[in-house]
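**Q** Take this structure, written in structure tokens, and hold onto it; I'll ask about it next.
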Amino acid sequence: MPQQVPAFSVISGGQVQRALAGQEKPVTELIEAAYKVHGAGDTVNPPSYFLRFPDRPTSRIIALPASIGGGVGVDGIKWISSFPENVAAGLPRASAVLILNDQATGYPFACLESSIISATRTAASAVLAADWFTRQRGRPPRIGFIGTGLIARYIHTYFAGTGWSFDEVGVHDLSAEHASGFRDYLERSGESGRISVHDNAEALIRASDIVVFATVAATPHVTDPAWFAHNPLVLNVSLRDVSPEIVLASTNVVDDVEHCLKANTSPHLAEQLVGNRDFLHGTLDDVMAGRVELPADRPLVFSPFGLGVLDLAVGAHVYEQLRSAGELTVVDDFFHELRRYG
Ligand SMILES: NC(=O)c1ccc[n+]([C@@H]2O[C@H](COP(=O)([O-])OP(=O)(O)OC[C@H]3O[C@@H](n4cnc5c(N)ncnc54)[C@H](O)[C@@H]3O)[C@@H](O)[C@H]2O)c1
């Protein structure tokens with residue numbers, strides 16, 4: 001029987017945002033399920049491809065091809081640009097599309113605006129990890145954000161939307177304007193904790209039980225393990241802020257070992273320094289499955305490289321919501337040359 005070619009839909013950022021609004025809990029559960037599918041080996045997630053430009057060294061576009069089984073059953077690719085200079089021009093740093101491919105025919109069936117999907121899955125993953133890592137220790141009362149752009153905002157939204165509350169929220173950014181913009185966002189969001197803006201990373205780290213790194217630092221700027229003597233949980237979302245010495249003095253959990261030990265992330269620098277991976281404790285899936293214990297007497301660093309399968313899981317969820325609501329914008333005749341001999 002000939003297969004039917006799927007209709008091709010274009011899904012705007014507005015549609016994505018409306019589909020995900022207020023869904024912090026179900027989306028975090030969906031991310032948990034996707035990690036479990038990945039841990040069970042029912043995904044294909046090759047290394048991300050980094051397109052870099054000799055004349056624009058700070059910019060990059062990353063391709064994240066992936067395939068996820070489980071109950072999702074979709075292939076696809078996220079194509080995400082990072083142009084840090086955009087921020088000074090008043091534009092978000094990252095822009096992205098996500099293509100979903102039909103597993104029966106290979107045909108792409110949707111193109112989704114994906115900066116929101118990417119920020120959403122990143123935030124959900126960080127908050128999921130924080131939830132699992134604090135189940136034994138109890139939820140800590142003080143959080144601090146180093147780097148206060150869009151990703152920090154989404155992470156805070158996901159903490160608040162999944163039932164976390166804090167006594168204190170620390171804020172630090174190299175740009176006073178960005179720190180103040182984030183503070184305004186926190187106040188508008190109804191954050192009930194006391195908000196403190198710190199003018200240096202050390203003060204923020206020493207005052208935080210959860211430290212969120214969401215900067216655009218390319219090389220470590222936090223190098224003193226003594227700042228972490230109170231054994232905080234570090235959500236190392238921007239991946240390159242802390243020195244290998246801090247990594248080596250901590251318990252380390254990653255999303256995927258092969259992915260994370262690449263591209264000069266802090267764990268990758270640690271591996272280059274000592275020549276082995278013994279400092280890695282395991283993956284988030286290992287923690288969720290109870291395969292590893294997390295000692296409370298060291299800092300705990302979670303380094304999520306960011307897996308394409310997570311984007312697919314969230315993208316498929318958005319697509320399904322719009323499809324079932326009859327709100328897909330189909331591009332008629334997108335696939336046109338469908339008869340082999342005309
Ligand atoms: N691991 C993942 O899965 C994942 C996914 C998405 C984004 N990210 C990363 O998250 C980071 C933040 O993304 P964004 O969109 O919010 O970026 P952004 O440009 O909007 O914000 C970054 C902020 O960090 C600040 N900053 C830069 N260097 C700093 C430093 N040394 N100390 C303190 N503040 C500093 C900047 O002033 C800016 O306000 C990026 O590095 C991005 O690659 C990771």
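Chain lettering (A, B, ...) mirrors the order of the structure tokens, residue numbering begins at 1 for each chain separately, and ligand numbering begins at 1 in order of display.
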Mind checking which residues fall within 9 Å of Gln15 (chain A), counting only C-alpha atoms, ignoring those fewer than 3 positions away in the same chain, and posting them as a list in words?

**A**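 That gives Ile11, Ser12, Arg18, Ala19, Leu20, Glu113, Val318, Leu322 and Glu327 of chain A.
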
**Q** Using only C-alpha atoms, determine which residues lie at most 9 Å from Ala201 (chain A), disregarding the query and same-chain residues fewer than 2 positions distant; provide the list as an MDAnalysis selection string.

**A** chainID A and resid 146 172:173 198:199 203:206 222

**Q** Take the residues just selected and output them with N, CA and C atoms as a compact mmCIF listing (two decimals), in the first residue's frame.

**A**
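Saved the output as selection-v7.txt:
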```txt
# COMPACT_ATOMS: atom_id res chain seq x y z
N ILE A 146 23.44 33.32 37.98
CA ILE A 146 24.60 34.02 37.39
C ILE A 146 24.39 34.01 35.89
N HIS A 172 23.06 37.88 39.66
CA HIS A 172 24.34 38.50 39.28
C HIS A 172 24.50 38.41 37.77
N ASP A 173 24.90 39.52 37.18
CA ASP A 173 25.19 39.55 35.74
C ASP A 173 26.30 40.57 35.53
N HIS A 198 23.75 40.89 43.39
CA HIS A 198 25.15 40.82 43.86
C HIS A 198 26.06 41.37 42.77
N ASP A 199 27.08 42.13 43.18
CA ASP A 199 27.93 42.70 42.13
C ASP A 199 29.12 41.81 41.81
N ALA A 203 30.04 36.49 45.86
CA ALA A 203 29.00 36.81 46.86
C ALA A 203 27.73 36.03 46.57
N LEU A 204 27.37 35.93 45.29
CA LEU A 204 26.16 35.19 44.93
C LEU A 204 26.31 33.71 45.27
N ILE A 205 27.43 33.12 44.90
CA ILE A 205 27.62 31.68 45.12
C ILE A 205 27.59 31.36 46.61
N ARG A 206 28.29 32.16 47.39
CA ARG A 206 28.36 31.89 48.84
C ARG A 206 26.98 32.05 49.49
N VAL A 222 34.96 31.34 37.02
CA VAL A 222 34.80 31.02 38.44
C VAL A 222 35.78 29.87 38.71
```

**Q** Determine, counting only C-alpha atoms, which protein, DNA and RNA residues have an atom within 6 Å of an atom of Asp167 (chain A); residues of the same chain fewer than 2 positions away are not included. Present the result as JSON, numbers by chain.

**A** {"A": [141, 142, 193]}

**Q** Which polymer residues have any atom within 7 Å of an atom of Ser266 (chain A), counting only C-alpha atoms, with same-chain residues fewer than 5 positions away left out, as a PyMOL selection string?

**A** chain A and resi 239-240+242-244+247

**Q** Please, could you write that set of residues out with C-alpha atoms as an mmCIF file, in the first residue's frame?

**A**
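Below is the file that was written, out.cif:
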```cif
data_model
loop_
_atom_site.group_PDB
_atom_site.id
_atom_site.type_symbol
_atom_site.label_atom_id
_atom_site.label_comp_id
_atom_site.auth_asym_id
_atom_site.auth_seq_id
_atom_site.Cartn_x
_atom_site.Cartn_y
_atom_site.Cartn_z
ATOM 1 C CA LEU A 239 28.474 24.648 30.810
ATOM 2 C CA ARG A 240 31.719 26.655 30.639
ATOM 3 C CA VAL A 242 33.539 26.853 36.323
ATOM 4 C CA SER A 243 37.134 25.675 36.285
ATOM 5 C CA PRO A 244 38.084 22.006 36.063
ATOM 6 C CA VAL A 247 34.419 20.105 38.711
#
```

**Q** Between A:Leu186, A:Ala66, A:Leu51, A:Val292, which is the closest to Phe133 (chain A) once you count only C-alpha atoms?

**A**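 Of A:Leu186, A:Ala66, A:Leu51, A:Val292, the one nearest Phe133 (chain A), counting only C-alpha atoms, is A:Val292.
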
**Q** Of the residues A:Thr58, A:Gln103, A:Arg323, A:Tyr154, which is the one nearest to Phe182 (chain A), using only C-alpha atoms?

**A**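 The shortest atom-to-atom distance to Phe182 (chain A) comes from A:Tyr154.
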
**Q** Counting only C-alpha atoms and all ligand atoms, which of A:Gly282, A:Gly149, A:Gly342, A:Pro46 gets nearest to ligand 1?

**A**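 Comparing A:Gly282, A:Gly149, A:Gly342, A:Pro46 against ligand 1, the winner is A:Gly149.
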
**Q** Give me, as a PyMOL selection string, the residues of region 202-262 of chain A that a backbone DSSP run labels alpha helix (DSSP H).

**A** chain A and resi 202-206+244-248+257-260

**Q** Restricting the calculation to only C-alpha atoms: of A:Leu294, A:Ala124, A:Ala33, A:Leu112, which residue gets closest to Ile68 (chain A)?

**A**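 Selected residue with least distance to Ile68 (chain A): A:Ala33.
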
**Q** Write out as a compact mmCIF listing (two decimals) with N, CA and C atoms, in the first residue's frame which residues come within 12 Å of His178 (chain A) when counting only C-alpha atoms, dropping same-chain ones fewer than 6 positions away.

**A**
```
# COMPACT_ATOMS: atom_id res chain seq x y z
N VAL A 87 22.06 40.63 21.57
CA VAL A 87 21.49 41.14 22.82
C VAL A 87 21.67 42.66 22.92
N ALA A 88 22.86 43.14 22.53
CA ALA A 88 23.10 44.59 22.59
C ALA A 88 22.20 45.33 21.62
N GLY A 90 19.17 44.55 21.16
CA GLY A 90 17.79 44.43 21.65
C GLY A 90 17.07 43.17 21.16
N PHE A 145 21.09 33.24 40.51
CA PHE A 145 21.26 33.16 39.05
C PHE A 145 22.49 33.97 38.62
N ILE A 146 23.44 33.32 37.98
CA ILE A 146 24.60 34.02 37.39
C ILE A 146 24.39 34.01 35.89
N GLY A 147 24.16 35.20 35.32
CA GLY A 147 23.75 35.31 33.91
C GLY A 147 22.23 35.34 33.91
N THR A 148 21.69 36.47 33.46
CA THR A 148 20.25 36.69 33.67
C THR A 148 19.55 37.04 32.36
N GLY A 149 19.70 36.15 31.38
CA GLY A 149 19.00 36.34 30.10
C GLY A 149 17.73 35.52 30.04
N LEU A 150 17.36 35.17 28.84
CA LEU A 150 16.10 34.45 28.61
C LEU A 150 16.08 33.09 29.27
N ALA A 152 17.71 32.09 31.98
CA ALA A 152 17.52 32.25 33.43
C ALA A 152 16.03 32.51 33.72
N ARG A 153 15.40 33.35 32.92
CA ARG A 153 13.97 33.64 33.12
C ARG A 153 13.14 32.37 33.01
N VAL A 171 20.86 37.47 42.32
CA VAL A 171 20.98 37.82 40.90
C VAL A 171 22.36 38.40 40.68
N HIS A 172 23.06 37.88 39.66
CA HIS A 172 24.34 38.50 39.28
C HIS A 172 24.50 38.41 37.77
N ASP A 184 13.42 43.11 37.70
CA ASP A 184 12.06 43.59 37.37
C ASP A 184 11.16 42.42 37.00
N TYR A 185 11.70 41.50 36.18
CA TYR A 185 10.91 40.32 35.80
C TYR A 185 10.51 39.54 37.06
N VAL A 197 20.60 41.69 44.43
CA VAL A 197 21.51 41.77 43.28
C VAL A 197 22.93 41.82 43.83
N THR A 215 25.11 32.00 31.66
CA THR A 215 25.86 33.10 31.04
C THR A 215 26.16 32.72 29.58
```

**Q** For a test of reading the model, state the distance in Å between CA of Val216 (chain A) and atom 38 (C, counted along the ligand's line) of ligand 1, rounded to one decimal.

**A**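 It comes out at 6.6 Å.
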